[in-house]
Structure formats: C-alpha cells, structure tokens
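Have a look at input-v2.tsv; it's TSV, C-alpha atoms and all ligand atoms:
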chain	number	residue	atom	x	y	z
A	711	MET	CA	-11.60	-32.37	24.65
A	712	ALA	CA	-12.32	-28.74	23.87
A	713	ALA	CA	-11.72	-27.77	27.51
A	714	LEU	CA	-8.12	-28.98	27.26
A	715	TYR	CA	-7.33	-26.31	24.68
A	716	LYS	CA	-8.81	-23.42	26.58
A	717	PRO	CA	-5.78	-22.47	28.68
A	718	ARG	CA	-3.53	-22.42	25.61
A	719	ASP	CA	-6.02	-20.31	23.63
A	720	LYS	CA	-6.35	-17.95	26.55
A	721	ARG	CA	-2.57	-17.64	26.83
A	722	ARG	CA	-2.31	-16.93	23.11
A	723	LYS	CA	-4.99	-14.26	23.46
A	724	ILE	CA	-3.11	-12.59	26.31
A	725	ASP	CA	0.12	-12.83	24.31
A	726	ILE	CA	-1.32	-11.11	21.24
A	727	ASP	CA	-3.11	-8.50	23.39
A	728	SER	CA	0.05	-7.55	25.25
A	729	GLU	CA	2.11	-7.57	22.04
A	730	LEU	CA	-0.40	-5.29	20.33
A	731	LYS	CA	-0.61	-2.95	23.33
A	732	SER	CA	3.15	-2.49	23.41
A	733	LEU	CA	3.30	-2.00	19.61
A	734	ILE	CA	0.63	0.72	19.79
A	735	ILE	CA	2.50	2.50	22.60
A	736	SER	CA	5.72	2.24	20.66
A	737	ILE	CA	4.25	3.70	17.43
A	738	LYS	CA	2.62	6.52	19.38
A	739	HIS	CA	6.08	7.49	20.71
A	740	SER	CA	7.87	6.97	17.41
A	741	THR	CA	9.53	9.91	15.64
A	742	SER	CA	7.83	8.62	12.44
A	743	LEU	CA	4.33	9.23	13.85
A	744	PRO	CA	3.82	12.65	12.11
A	745	ASP	CA	4.77	11.09	8.73
A	746	ILE	CA	2.48	8.11	9.33
A	747	THR	CA	-0.50	10.27	10.30
A	748	ALA	CA	0.13	12.59	7.31
A	749	THR	CA	0.00	9.48	5.08
A	750	LEU	CA	-3.23	8.27	6.67
A	751	ARG	CA	-4.80	11.71	6.28
A	752	ALA	CA	-3.80	11.80	2.59
A	753	LEU	CA	-5.33	8.35	2.01
A	754	CYS	CA	-8.60	9.67	3.46
A	755	GLU	CA	-8.64	13.13	1.90
A	756	GLY	CA	-5.87	13.61	-0.64
A	757	ASP	CA	-6.32	13.48	-4.37
A	758	ALA	CA	-2.72	12.33	-5.02
A	759	ASP	CA	-3.40	8.88	-3.57
A	760	ALA	CA	-6.87	8.49	-5.04
A	761	LEU	CA	-8.01	5.53	-7.12
A	762	THR	CA	-9.32	6.36	-10.57
A	763	VAL	CA	-12.02	4.50	-12.47
A	764	LEU	CA	-11.04	2.88	-15.79
A	765	ILE	CA	-13.22	1.97	-18.75
A	766	ILE	CA	-11.97	-0.73	-21.11
A	767	GLU	CA	-11.97	0.55	-24.67
A	768	SER	CA	-10.67	-2.62	-26.29
A	769	SER	CA	-8.99	-5.84	-25.19
A	770	ASN	CA	-8.17	-9.33	-26.39
A	771	ALA	CA	-9.94	-10.95	-23.42
A	772	CYS	CA	-13.07	-12.17	-25.18
A	773	LEU	CA	-12.01	-12.99	-28.72
A	774	GLY	CA	-12.94	-16.66	-28.54
A	775	TYR	CA	-9.36	-17.94	-28.28
A	776	GLY	CA	-6.80	-18.13	-25.52
A	777	VAL	CA	-4.35	-15.32	-24.83
A	778	PRO	CA	-1.52	-15.72	-22.30
A	779	PHE	CA	-1.15	-12.88	-19.78
A	780	SER	CA	2.18	-11.91	-21.37
A	781	MET	CA	0.32	-11.14	-24.62
A	782	ALA	CA	-2.74	-9.57	-22.98
A	783	PHE	CA	-3.90	-6.31	-24.44
A	784	CYS	CA	-6.28	-4.10	-22.45
A	785	HIS	CA	-6.56	-0.54	-23.60
A	786	THR	CA	-8.32	1.61	-21.03
A	787	LYS	CA	-9.51	5.16	-20.63
A	788	LEU	CA	-8.99	6.90	-17.29
A	789	GLN	CA	-12.17	8.54	-16.01
A	790	LEU	CA	-10.42	11.57	-14.53
A	791	LYS	CA	-13.66	12.93	-13.13
A	792	GLU	CA	-14.16	9.68	-11.23
A	793	SER	CA	-11.40	9.42	-8.65
A	794	TYR	CA	-12.11	8.21	-5.14
A	795	THR	CA	-10.00	8.39	-1.99
A	796	PHE	CA	-8.20	5.17	-1.15
A	797	ALA	CA	-9.96	5.03	2.21
A	798	SER	CA	-13.38	4.83	0.48
A	799	PHE	CA	-12.70	1.17	-0.29
A	800	PHE	CA	-10.89	0.23	2.94
A	801	VAL	CA	-13.16	1.56	5.68
A	802	PRO	CA	-12.55	-1.25	8.24
A	803	GLY	CA	-8.75	-0.98	7.79
A	804	MET	CA	-8.65	2.81	8.18
A	805	SER	CA	-10.99	2.66	11.17
A	806	LEU	CA	-8.78	0.04	12.83
A	807	ILE	CA	-5.65	2.15	12.68
A	808	GLU	CA	-7.54	5.35	13.50
A	809	LYS	CA	-8.83	3.83	16.75
A	810	ALA	CA	-5.43	2.35	17.62
A	811	LEU	CA	-3.76	5.77	17.28
A	812	ASN	CA	-6.48	7.90	18.89
A	813	MET	CA	-7.81	5.83	21.78
A	814	THR	CA	-6.16	4.81	25.02
A	815	ASP	CA	-6.03	1.13	25.97
A	816	TRP	CA	-8.21	0.17	23.01
A	817	LEU	CA	-7.91	-3.20	21.26
A	818	PRO	CA	-10.02	-4.65	18.44
A	819	ASP	CA	-12.55	-7.35	19.38
A	820	ASP	CA	-11.62	-9.98	16.82
A	821	ASP	CA	-8.36	-11.88	16.41
A	822	LEU	CA	-8.08	-11.25	12.67
A	823	SER	CA	-8.05	-7.49	13.19
A	824	LYS	CA	-5.57	-7.85	16.07
A	825	GLN	CA	-3.25	-9.90	13.87
A	826	SER	CA	-3.53	-7.42	10.98
A	827	LEU	CA	-2.62	-4.52	13.27
A	828	VAL	CA	0.26	-6.48	14.81
A	829	ARG	CA	1.69	-7.12	11.35
A	830	LEU	CA	1.53	-3.47	10.26
A	831	LEU	CA	2.82	-2.01	13.53
A	832	SER	CA	5.60	-4.61	13.83
A	833	PHE	CA	6.73	-3.66	10.33
A	834	LEU	CA	6.60	0.08	11.01
A	835	ASN	CA	8.50	-0.40	14.28
A	836	ASP	CA	11.14	-2.68	12.76
A	837	LYS	CA	14.28	-0.80	11.68
A	838	GLY	CA	15.50	-3.79	9.65
A	839	SER	CA	12.34	-3.90	7.53
A	840	ILE	CA	12.32	-0.14	6.98
A	841	ASN	CA	16.03	-0.17	6.04
A	842	PHE	CA	15.42	-3.05	3.65
A	843	ILE	CA	12.98	-0.90	1.65
A	844	LYS	CA	15.20	2.17	1.83
A	845	THR	CA	18.21	0.34	0.40
A	846	LEU	CA	16.62	-2.17	-1.99
A	847	HIS	CA	17.03	0.03	-5.07
A	848	LYS	CA	20.78	0.22	-4.39
A	849	ARG	CA	21.23	-3.58	-4.40
A	850	GLN	CA	22.08	-4.13	-8.05
A	851	ASP	CA	22.58	-7.89	-7.54
A	852	ILE	CA	18.91	-8.12	-6.52
A	853	PHE	CA	16.97	-5.53	-8.49
A	854	ASN	CA	18.56	-6.53	-11.80
A	855	ASN	CA	17.24	-10.09	-11.49
A	856	GLU	CA	13.51	-10.71	-11.55
A	857	THR	CA	13.61	-13.95	-9.52
A	858	ARG	CA	15.82	-12.49	-6.78
A	859	LEU	CA	13.81	-9.28	-6.58
A	860	CYS	CA	10.56	-11.23	-6.32
A	861	VAL	CA	11.98	-13.44	-3.55
A	862	ALA	CA	13.40	-10.49	-1.61
A	863	LEU	CA	10.13	-8.53	-1.79
A	864	ALA	CA	8.07	-11.60	-0.86
A	865	GLU	CA	10.33	-12.60	2.05
A	866	HIS	CA	10.94	-9.16	3.54
A	867	VAL	CA	7.96	-6.99	2.65
A	868	LEU	CA	4.86	-8.70	1.27
A	869	THR	CA	4.57	-11.68	3.61
A	870	LYS	CA	5.31	-9.47	6.62
A	871	LEU	CA	2.26	-7.33	5.88
A	872	ALA	CA	-0.07	-10.07	4.54
A	873	PRO	CA	-2.49	-11.98	6.81
A	874	LYS	CA	-0.51	-15.20	6.24
A	875	ALA	CA	3.23	-15.41	5.66
A	876	ASN	CA	2.79	-17.80	2.70
A	877	TYR	CA	3.70	-17.23	-0.90
A	878	ILE	CA	4.18	-19.25	-4.09
A	879	LEU	CA	6.64	-18.25	-6.81
A	880	ASP	CA	6.11	-19.15	-10.44
A	881	HIS	CA	8.07	-22.38	-10.97
A	882	HIS	CA	8.95	-21.20	-14.48
A	883	TYR	CA	11.21	-18.52	-13.04
A	884	PRO	CA	14.76	-18.99	-14.35
A	885	ARG	CA	17.07	-19.68	-11.43
A	886	LEU	CA	20.62	-20.74	-10.69
A	887	LYS	CA	21.60	-23.29	-8.04
A	888	THR	CA	22.59	-20.41	-5.78
A	889	ASP	CA	19.02	-19.10	-6.01
A	890	ASP	CA	17.73	-21.71	-3.57
A	891	GLU	CA	17.94	-19.02	-0.92
A	892	CYS	CA	17.05	-15.34	-0.64
A	893	ARG	CA	20.03	-13.42	-1.98
A	894	CYS	CA	19.70	-10.36	0.23
A	895	GLY	CA	22.05	-11.91	2.78
A	896	CYS	CA	19.44	-13.43	5.10
A	897	HIS	CA	20.01	-16.96	3.65
A	898	SER	CA	16.33	-17.94	4.00
A	899	LYS	CA	15.76	-21.20	2.11
A	900	ILE	CA	13.18	-20.81	-0.62
A	901	ASP	CA	13.28	-24.22	-2.37
A	902	ASP	CA	9.74	-25.04	-1.25
A	903	LYS	CA	8.32	-21.73	-2.43
A	904	TYR	CA	8.23	-22.56	-6.14
A	905	GLY	CA	4.95	-23.93	-7.46
A	906	ASP	CA	2.19	-23.79	-10.03
A	907	THR	CA	0.77	-20.27	-10.13
A	908	SER	CA	-1.26	-20.70	-13.32
A	909	ILE	CA	-4.80	-19.34	-13.42
A	910	GLY	CA	-7.36	-18.54	-16.10
A	911	HIS	CA	-8.66	-20.76	-18.87
A	912	TYR	CA	-6.91	-21.89	-22.01
A	913	SER	CA	-9.60	-20.36	-24.21
A	914	VAL	CA	-9.54	-16.89	-22.58
A	915	TRP	CA	-6.84	-14.93	-20.68
A	916	HIS	CA	-4.60	-17.29	-18.76
A	917	GLY	CA	-1.06	-17.91	-17.58
A	918	ASN	CA	1.32	-17.87	-14.65
A	919	ILE	CA	1.43	-15.19	-11.97
A	920	ASP	CA	4.91	-14.14	-10.76
A	921	ALA	CA	3.92	-14.65	-7.12
A	922	LEU	CA	0.75	-15.40	-5.19
A	923	VAL	CA	1.05	-13.89	-1.72
A	924	GLY	CA	-1.13	-14.57	1.31
A	925	GLY	CA	-2.15	-18.21	1.15
A	926	GLU	CA	-5.21	-20.33	1.93
A	927	GLY	CA	-7.38	-19.15	-0.94
A	928	LEU	CA	-6.98	-15.49	-0.08
A	929	GLU	CA	-3.79	-14.90	-2.04
A	930	ILE	CA	-3.35	-11.93	-4.26
A	931	PRO	CA	-1.36	-11.74	-7.48
A	932	VAL	CA	1.91	-9.84	-7.49
A	933	LEU	CA	3.79	-8.92	-10.65
A	934	ILE	CA	7.41	-7.95	-10.63
A	935	ASP	CA	8.41	-5.18	-13.01
A	936	LEU	CA	11.91	-5.49	-14.39
A	937	THR	CA	11.44	-3.85	-17.73
A	938	ASN	CA	14.80	-2.11	-17.59
A	939	ASP	CA	16.44	-5.47	-17.98
A	940	PRO	CA	15.89	-6.62	-21.57
A	941	ASP	CA	17.12	-10.16	-20.78
A	942	SER	CA	14.54	-10.79	-18.10
A	943	PRO	CA	11.24	-12.53	-18.94
A	944	GLY	CA	9.37	-9.35	-17.96
A	945	GLY	CA	11.67	-7.23	-20.09
A	946	ARG	CA	11.26	-9.53	-23.10
A	947	ALA	CA	7.47	-9.57	-22.80
A	948	GLN	CA	7.53	-5.80	-22.56
A	949	ALA	CA	9.71	-5.42	-25.63
A	950	GLU	CA	7.28	-7.64	-27.59
A	951	MET	CA	4.35	-5.69	-26.27
A	952	LYS	CA	5.87	-2.33	-27.24
A	953	HIS	CA	6.54	-3.67	-30.72
A	954	ARG	CA	2.97	-4.91	-31.12
A	955	ILE	CA	1.26	-1.83	-29.76
A	956	LYS	CA	3.24	0.77	-31.61
A	957	ASN	CA	0.76	3.57	-31.32
A	958	GLU	CA	-0.26	3.11	-27.75
A	959	HIS	CA	1.46	4.90	-24.94
A	960	ILE	CA	1.70	2.51	-22.01
A	961	GLU	CA	1.14	4.91	-19.19
A	962	ASP	CA	2.27	4.84	-15.55
A	963	PHE	CA	3.58	1.32	-15.16
A	964	PRO	CA	5.02	-0.68	-18.04
A	965	ILE	CA	3.31	-3.92	-16.99
A	966	LYS	CA	-0.15	-2.38	-17.08
A	967	HIS	CA	-1.76	-4.75	-19.59
A	968	GLN	CA	-0.49	-7.86	-17.83
A	969	MET	CA	-1.63	-6.52	-14.49
A	970	LEU	CA	-5.10	-5.63	-15.73
A	971	SER	CA	-5.59	-9.09	-17.23
A	972	GLN	CA	-4.44	-10.79	-14.03
A	973	ALA	CA	-6.50	-8.53	-11.75
A	974	ILE	CA	-9.65	-9.20	-13.78
A	975	VAL	CA	-9.17	-12.97	-14.06
A	976	PHE	CA	-8.27	-13.20	-10.38
A	977	SER	CA	-11.38	-11.28	-9.33
A	978	PHE	CA	-13.64	-13.67	-11.25
A	979	LEU	CA	-11.72	-16.59	-9.78
A	980	GLN	CA	-12.05	-15.38	-6.17
A	981	LYS	CA	-15.76	-14.68	-6.66
A	982	ALA	CA	-16.28	-18.26	-7.83
A	983	ARG	CA	-14.10	-19.72	-5.05
A	984	HIS	CA	-15.52	-17.60	-2.23
A	985	PRO	CA	-19.09	-16.68	-3.25
A	986	ASP	CA	-19.91	-15.68	0.36
A	987	SER	CA	-17.16	-13.02	0.63
A	988	LYS	CA	-18.37	-9.65	1.85
A	989	HIS	CA	-17.04	-7.99	-1.33
A	990	PHE	CA	-15.29	-8.82	-4.61
A	991	LEU	CA	-13.07	-5.79	-5.12
A	992	ILE	CA	-9.88	-7.80	-5.57
A	993	PRO	CA	-6.45	-6.17	-5.85
A	994	CYS	CA	-3.40	-7.01	-7.95
A	995	ILE	CA	-0.04	-5.48	-7.02
A	996	GLY	CA	2.78	-4.52	-9.39
A	997	MET	CA	6.20	-3.89	-7.85
A	998	SER	CA	9.71	-2.91	-8.79
A	999	ALA	CA	12.59	-2.17	-6.40
A	1000	LYS	CA	11.51	1.48	-6.38
A	1001	GLN	CA	7.78	1.73	-6.80
A	1002	MET	CA	4.46	-0.05	-6.84
A	1003	ILE	CA	1.01	0.25	-8.38
A	1004	VAL	CA	-2.34	-1.34	-7.55
A	1005	TYR	CA	-5.24	-2.30	-9.80
A	1006	LEU	CA	-8.54	-3.48	-8.34
A	1007	TYR	CA	-11.38	-5.13	-10.20
A	1008	ASP	CA	-14.85	-5.92	-8.87
A	1009	SER	CA	-16.21	-8.80	-10.95
A	1010	LYS	CA	-19.67	-8.51	-9.37
A	1011	TYR	CA	-20.23	-4.85	-10.33
A	1012	ASP	CA	-17.74	-4.64	-13.25
A	1013	VAL	CA	-15.74	-1.74	-11.80
A	1014	LEU	CA	-12.02	-1.30	-12.49
A	1015	LEU	CA	-9.75	1.00	-10.44
A	1016	GLN	CA	-6.15	2.14	-10.78
A	1017	SER	CA	-3.85	3.72	-8.21
A	1018	ARG	CA	-1.05	6.08	-9.16
A	1019	ALA	CA	2.52	4.70	-9.24
A	1020	ILE	CA	3.61	4.96	-5.59
A	1021	SER	CA	7.29	5.34	-4.78
A	1022	LEU	CA	8.58	3.06	-2.00
A	1023	THR	CA	11.00	5.74	-0.80
A	1024	ASP	CA	10.82	9.46	-0.30
A	1025	GLY	CA	14.35	10.85	-0.66
A	1026	ASN	CA	16.41	8.89	1.85
A	1027	GLU	CA	13.36	7.93	3.86
A	1028	VAL	CA	10.71	5.27	3.40
A	1029	ASN	CA	7.41	6.40	1.87
A	1030	TYR	CA	4.73	5.30	4.33
A	1031	THR	CA	2.01	5.56	1.69
A	1032	GLY	CA	3.43	2.51	-0.10
A	1033	LEU	CA	3.58	0.47	3.12
A	1034	ILE	CA	0.08	1.31	4.30
A	1035	VAL	CA	-1.41	0.76	0.84
A	1036	LEU	CA	0.35	-2.63	0.67
A	1037	TRP	CA	-1.00	-3.56	4.10
A	1038	LEU	CA	-4.55	-2.57	3.13
A	1039	VAL	CA	-4.60	-4.41	-0.19
A	1040	LEU	CA	-2.85	-7.55	1.08
A	1041	ASN	CA	-5.51	-7.77	3.81
A	1042	TYR	CA	-8.36	-6.76	1.48
A	1043	GLN	CA	-10.68	-9.48	2.78
A	1044	ASN	CA	-10.68	-8.16	6.32
A	1045	LEU	CA	-9.65	-4.53	5.87
A	1046	GLY	CA	-11.49	-3.76	2.62
A	1047	SER	CA	-15.11	-2.68	2.34
A	1048	GLY	CA	-15.57	-3.08	-1.43
A	1049	LEU	CA	-17.87	-0.71	-3.30
A	1050	SER	CA	-20.34	1.32	-1.27
A	1051	GLU	CA	-23.94	1.73	-2.39
A	1052	TYR	CA	-23.04	5.17	-3.75
A	1053	CYS	CA	-20.13	3.76	-5.76
A	1054	VAL	CA	-22.22	0.95	-7.25
A	1055	LYS	CA	-24.80	3.48	-8.35
A	1056	ASN	CA	-22.51	6.20	-9.64
A	1057	MET	CA	-19.28	4.64	-10.93
A	1058	SER	CA	-18.74	4.00	-14.63
A	1059	LYS	CA	-18.62	0.31	-15.50
A	1060	ALA	CA	-15.46	-1.14	-17.02
A	1061	ALA	CA	-17.50	-2.95	-19.71
A	1062	PHE	CA	-15.14	-5.92	-19.54
A	1063	LEU	CA	-17.53	-8.45	-21.09
A	1064	LYS	CA	-18.82	-6.08	-23.77
A	1065	GLY	CA	-18.99	-8.04	-27.00
A	1066	ALA	CA	-18.28	-11.40	-25.34
A	1067	ASP	CA	-20.41	-14.36	-26.43
A	1068	SER	CA	-22.31	-16.28	-23.76
A	1069	GLU	CA	-19.72	-19.09	-23.75
A	1070	THR	CA	-16.86	-16.68	-22.99
A	1071	GLU	CA	-18.91	-14.96	-20.30
A	1072	ASN	CA	-19.67	-18.33	-18.76
A	1073	ILE	CA	-15.98	-19.29	-18.72
A	1074	TYR	CA	-14.98	-16.11	-16.84
A	1075	LYS	CA	-17.87	-16.37	-14.40
A	1076	GLU	CA	-18.05	-20.10	-13.74
A	1077	ARG	CA	-15.20	-22.11	-15.17
A	1078	LEU	CA	-11.82	-20.68	-14.23
A	1079	PRO	CA	-9.56	-23.42	-12.86
A	1080	VAL	CA	-6.64	-22.86	-10.47
A	1081	GLY	CA	-3.36	-24.48	-11.47
A	1082	ASP	CA	-2.45	-26.79	-14.32
A	1083	VAL	CA	-3.56	-24.21	-16.89
A	1084	HIS	CA	-1.77	-24.68	-20.20
A	1085	GLY	CA	-1.79	-23.01	-23.59
A	1086	ARG	CA	1.08	-20.72	-24.44
A	1087	SER	CA	0.12	-19.14	-27.73
A	1088	MET	CA	-3.07	-18.40	-29.57
A	1089	CYS	CA	-2.44	-21.24	-32.08
A	1090	GLU	CA	-1.79	-23.83	-29.37
A	1091	THR	CA	-4.95	-22.87	-27.55
A	1092	LEU	CA	-7.18	-23.34	-30.59
A	1093	ASP	CA	-8.12	-26.75	-29.29
A	1094	PRO	CA	-10.00	-28.69	-32.00
A	1095	THR	CA	-11.91	-30.68	-29.37
A	1096	SER	CA	-13.13	-27.51	-27.68
A	1097	THR	CA	-16.88	-27.43	-27.15
A	1098	ARG	CA	-16.73	-23.84	-28.32
A	1099	ARG	CA	-16.48	-24.88	-31.97
A	1100	VAL	CA	-19.71	-25.54	-33.78
A	1101	VAL	CA	-18.97	-27.21	-37.10
A	1102	ILE	CA	-21.53	-26.69	-39.80
A	1103	THR	CA	-21.79	-28.21	-43.29
A	1104	PRO	CA	-23.89	-25.84	-45.37
A	1105	PRO	CA	-26.86	-27.74	-46.88
A	1106	ASP	CA	-25.83	-26.60	-50.35
A	1107	THR	CA	-22.40	-28.25	-50.11
A	1108	PRO	CA	-22.19	-31.21	-52.51
A	1109	LYS	CA	-21.96	-34.67	-50.94
A	1110	PHE	CA	-18.64	-36.41	-51.48
A	1111	VAL	CA	-18.40	-40.15	-51.70
A	1112	TRP	CA	-15.10	-41.88	-50.95
A	1113	PRO	CA	-14.05	-45.45	-51.53
A	1114	SER	CA	-14.36	-47.54	-48.38
B	1	ZN	ZN	16.46	-12.13	2.34
Give the structure from the file, written as structure tokens.
Amino acid sequence: MAALYKPRDKRRKIDIDSELKSLIISIKHSTSLPDITATLRALCEGDADALTVLIIESSNACLGYGVPFSMAFCHTKLQLKESYTFASFFVPGMSLIEKALNMTDWLPDDDLSKQSLVRLLSFLNDKGSINFIKTLHKRQDIFNNETRLCVALAEHVLTKLAPKANYILDHHYPRLKTDDECRCGCHSKIDDKYGDTSIGHYSVWHGNIDALVGGEGLEIPVLIDLTNDPDSPGGRAQAEMKHRIKNEHIEDFPIKHQMLSQAIVFSFLQKARHPDSKHFLIPCIGMSAKQMIVYLYDSKYDVLLQSRAISLTDGNEVNYTGLIVLWLVLNYQNLGSGLSEYCVKNMSKAAFLKGADSETENIYKERLPVGDVHGRSMCETLDPTSTRRVVITPPDTPKFVWPS
C-alpha cells in the first residue's frame, strides 16, 4: 500500500520546495529586506530585544488552595545583570533564516523546517497580512472588544505564523450572535473555534486561557490585553488586581501576573505531556492591538524569562521584531533550543516551588489535567474531600458521646 502514496508525497515535496524557493527569492528582492535583516541582527546582538531573567519573590501559587489565573499574584524581581539575546534560545530558528537569506539555492532537509520557513516568508511577503497589523490599532470596533480582537489576531496573525493553523478560544468569552464570524471584514466562520481551554489544578493555579494557538498538543497560551476597557473581562480582572495589590507597580504589561501563572502552569503541563521534548522552555504570549510581550518558563531547570513589550508597528510601518519573535515562539518546539549548558549553569533560578509542600510540588509536576478544570474562587476550591487535608483529633480532646 505504501507504494501507492509515494507519487503524491513526492509531488507535495516538489510543491513545497518550489514554493519555498520562490518565497526566498522574493524576500531577497523585497524592499523590506534591510529592515528584516536589521531586526535579525538585533535579535542576535542587541540588548533592546534581550530576554531578562526573573526571580519570584512571592506568589500565591503554592499556598495549599486553588487560585484562578485571574487572581494569580506573582511578584518578581528582574535580574538586570542577567539578560540574554533572544537568539540564544532559538538557535535552530535563527540558523534557518540565516541560511535562507545568505545561501543560494539552499533548502532545509526536513519538512517541518521547510513549512516553518514557508509560513514566515509567506507572511512577510503578503501585503494583506502586513497591512492588517499596521491598521489593527485603528479598528475601534475590534480592539475595543476582547473577543473580536482575540479572533482577529488568531485568524490573521497567530495561526499564519504557527506550525498548525488551529486555535481554540475560551468558550466563556462573551459574544453576540454577530460574533460567529471574524469581524474584520473577512467573514471567516468561527463557531467551531470555541472550546474548553481550562488548564491547571483546582488546588493550585488554574483557569481558562484566552486562546490556545497551534494545535495537536503543541499549543501555546495567548492572553489578550484589553485593560483600557473597564467593561471587558480582562479590564475587570485588572481593576480587581490593582485594587488588591495597592503597593505594587505592575510593570511593562498590565496582565503580567496572569501571564506568569499561565506560562508556568503550561510549562509543567507540556513537560508532563511530552516528556521526550528536546527542551521545556515554553512560551506564553500576551497581545493587544498595539504590542506584545513574551514570558518563557523552563519547568525542568526552573528558569523564568521576560521579553520587553514589543510594539507591533513602528510609525506607519510594521515592526518586524514583533513578527519574527512571534514566529520563533509559536514554533518553539522546532525553532527553539531551550537553555544551553552555560545558561543552566549560570542563570538564577526562579525559585517557583520555594516553600511548596511535597503535595503541591507533586501536583505541578505530575497531576495537571487539561480541560474540565473547575474551581472559581479560593472558597469553592477548598474541597472537603481533597486528599490534601489531614484531619487530626488531638489525643487530649475529650470524647463526646451522642445518643444513637
Ligand atoms: Zn478576519
């Protein structure tokens, strides 16, 4: 039987090879090439795009009761003397694009790398996609509504750069009947995109992710930032958070605590689901209509990294840094290299599980389910049947006798 499929496979191989060859030629002749190469150079050498190590000073991740992501608290300290170039963690991805731009008639050996390059170069060559990013912040009907913004970014940016064009939106998102399609004007139907995005465990950090992009077990969490809109779920959670943490300045991106909690839980989850992965430095993306930020957590080596807030546009032009960073992190499995030996040895640890009891540690490392995770508030998650409670009657308590 296998022989029957050979001609089709061969044809597909020729198709992708010729598509990639023409995309490489086209990008090499593009007027954007100097901006793209300047971006790539900055990701390899520049300090502006570096990732900085974070140490967790205090959090509510390991208190012995459940905390939903919207109430997560994770106060961190930036290790300013420990910043690393973005390229340090994405060696295969940078090497792929370096070879494509420098060599003549070169193509990668494996299909996964070919597909990744096709997705990036198609995006960079596509005027519609570039214009979409340039004009998104002007579309008030979209950027003022968390659901619509999430759909538009997933349909027109994230899935175009991810290895698979799949995504799931949190089915709790408030939506009108007219929101069964992307509202940017493309009319793509999105009814089947809503689903259960809950992760975590009811007795530790848990909750629903705005969108899981990528598909087939290699998704990554994406959070939409709409904190300027006080009526949105994100805006409400942020208002509550600001009220609770009066003395803490929430730096860089207003959804930082939520993002950190989701990045950390997701890294533990992916390590348990894919124990044979070549690395466990798992990203989480935060996006608004104007900018993005990336957090990465390695649950094997307990290292936490933060990017700067990266603008999606640069004046009236697109900012290529945002696009290339998105491409690298969405394809982290194939394009990422994780922590090098030097990094493992020299980087400060996040100390995420500091102070956690063995039961909590075990939950994060071994027992995080995917989907159907419930428990909305701390009180609701204090489950009396939980095995975590050990009930003791002190031996000096008097015995009570009750009528039968
Ligand atoms: Zn659309």
* To do: Using all atoms listed in the file, find each protein or nucleic acid residue lying at most 10 Å from ligand ZN 1 (chain B); present the set as a ChimeraX atom specification.
  => /A:842,858-859,861-867,891-900
* Close residues, Lys824 of chain A itself excluded, 10 Å, all atoms listed in the file, min 2 positions apart in chain, as a list in words ->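 Using all atoms listed in the file, the neighbours found are Lys723, Ile726, Asp727, Glu729, Leu730, Leu806, Leu817, Pro818, Asp819, Asp820, Asp821, Leu822, Ser826, Leu827, Val828 and Arg829 of chain A.
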* Name all residues at most 12 Å from Phe800 of chain A (count all atoms listed in the file; drop same-chain ones fewer than 5 positions away) and give them as a VMD selection string. => chain A and resid 750 753 to 754 761 794 to 795 805 to 807 989 991 to 993 1034 to 1050
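Closest approach to Phe796 of chain A among A:Val1054, A:Met813, A:Val1004, A:Leu933 is made by A:Val1004 (distances from all atoms listed in the file).
Put simply, atom CA of Asn835 of chain A is 27.8 Å away from atom CA of Tyr1005 of chain A.
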* **Sphere at (-0.4, 0.8, 23.0), radius 9 Å, counting only C-alpha atoms: residues as a PyMOL selection string** => chain A and resi 728-738+810-811+814-817
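Across the structure, atom CA of Leu1015 of chain A and atom CA of Tyr1074 of chain A are spaced 19.0 Å apart.
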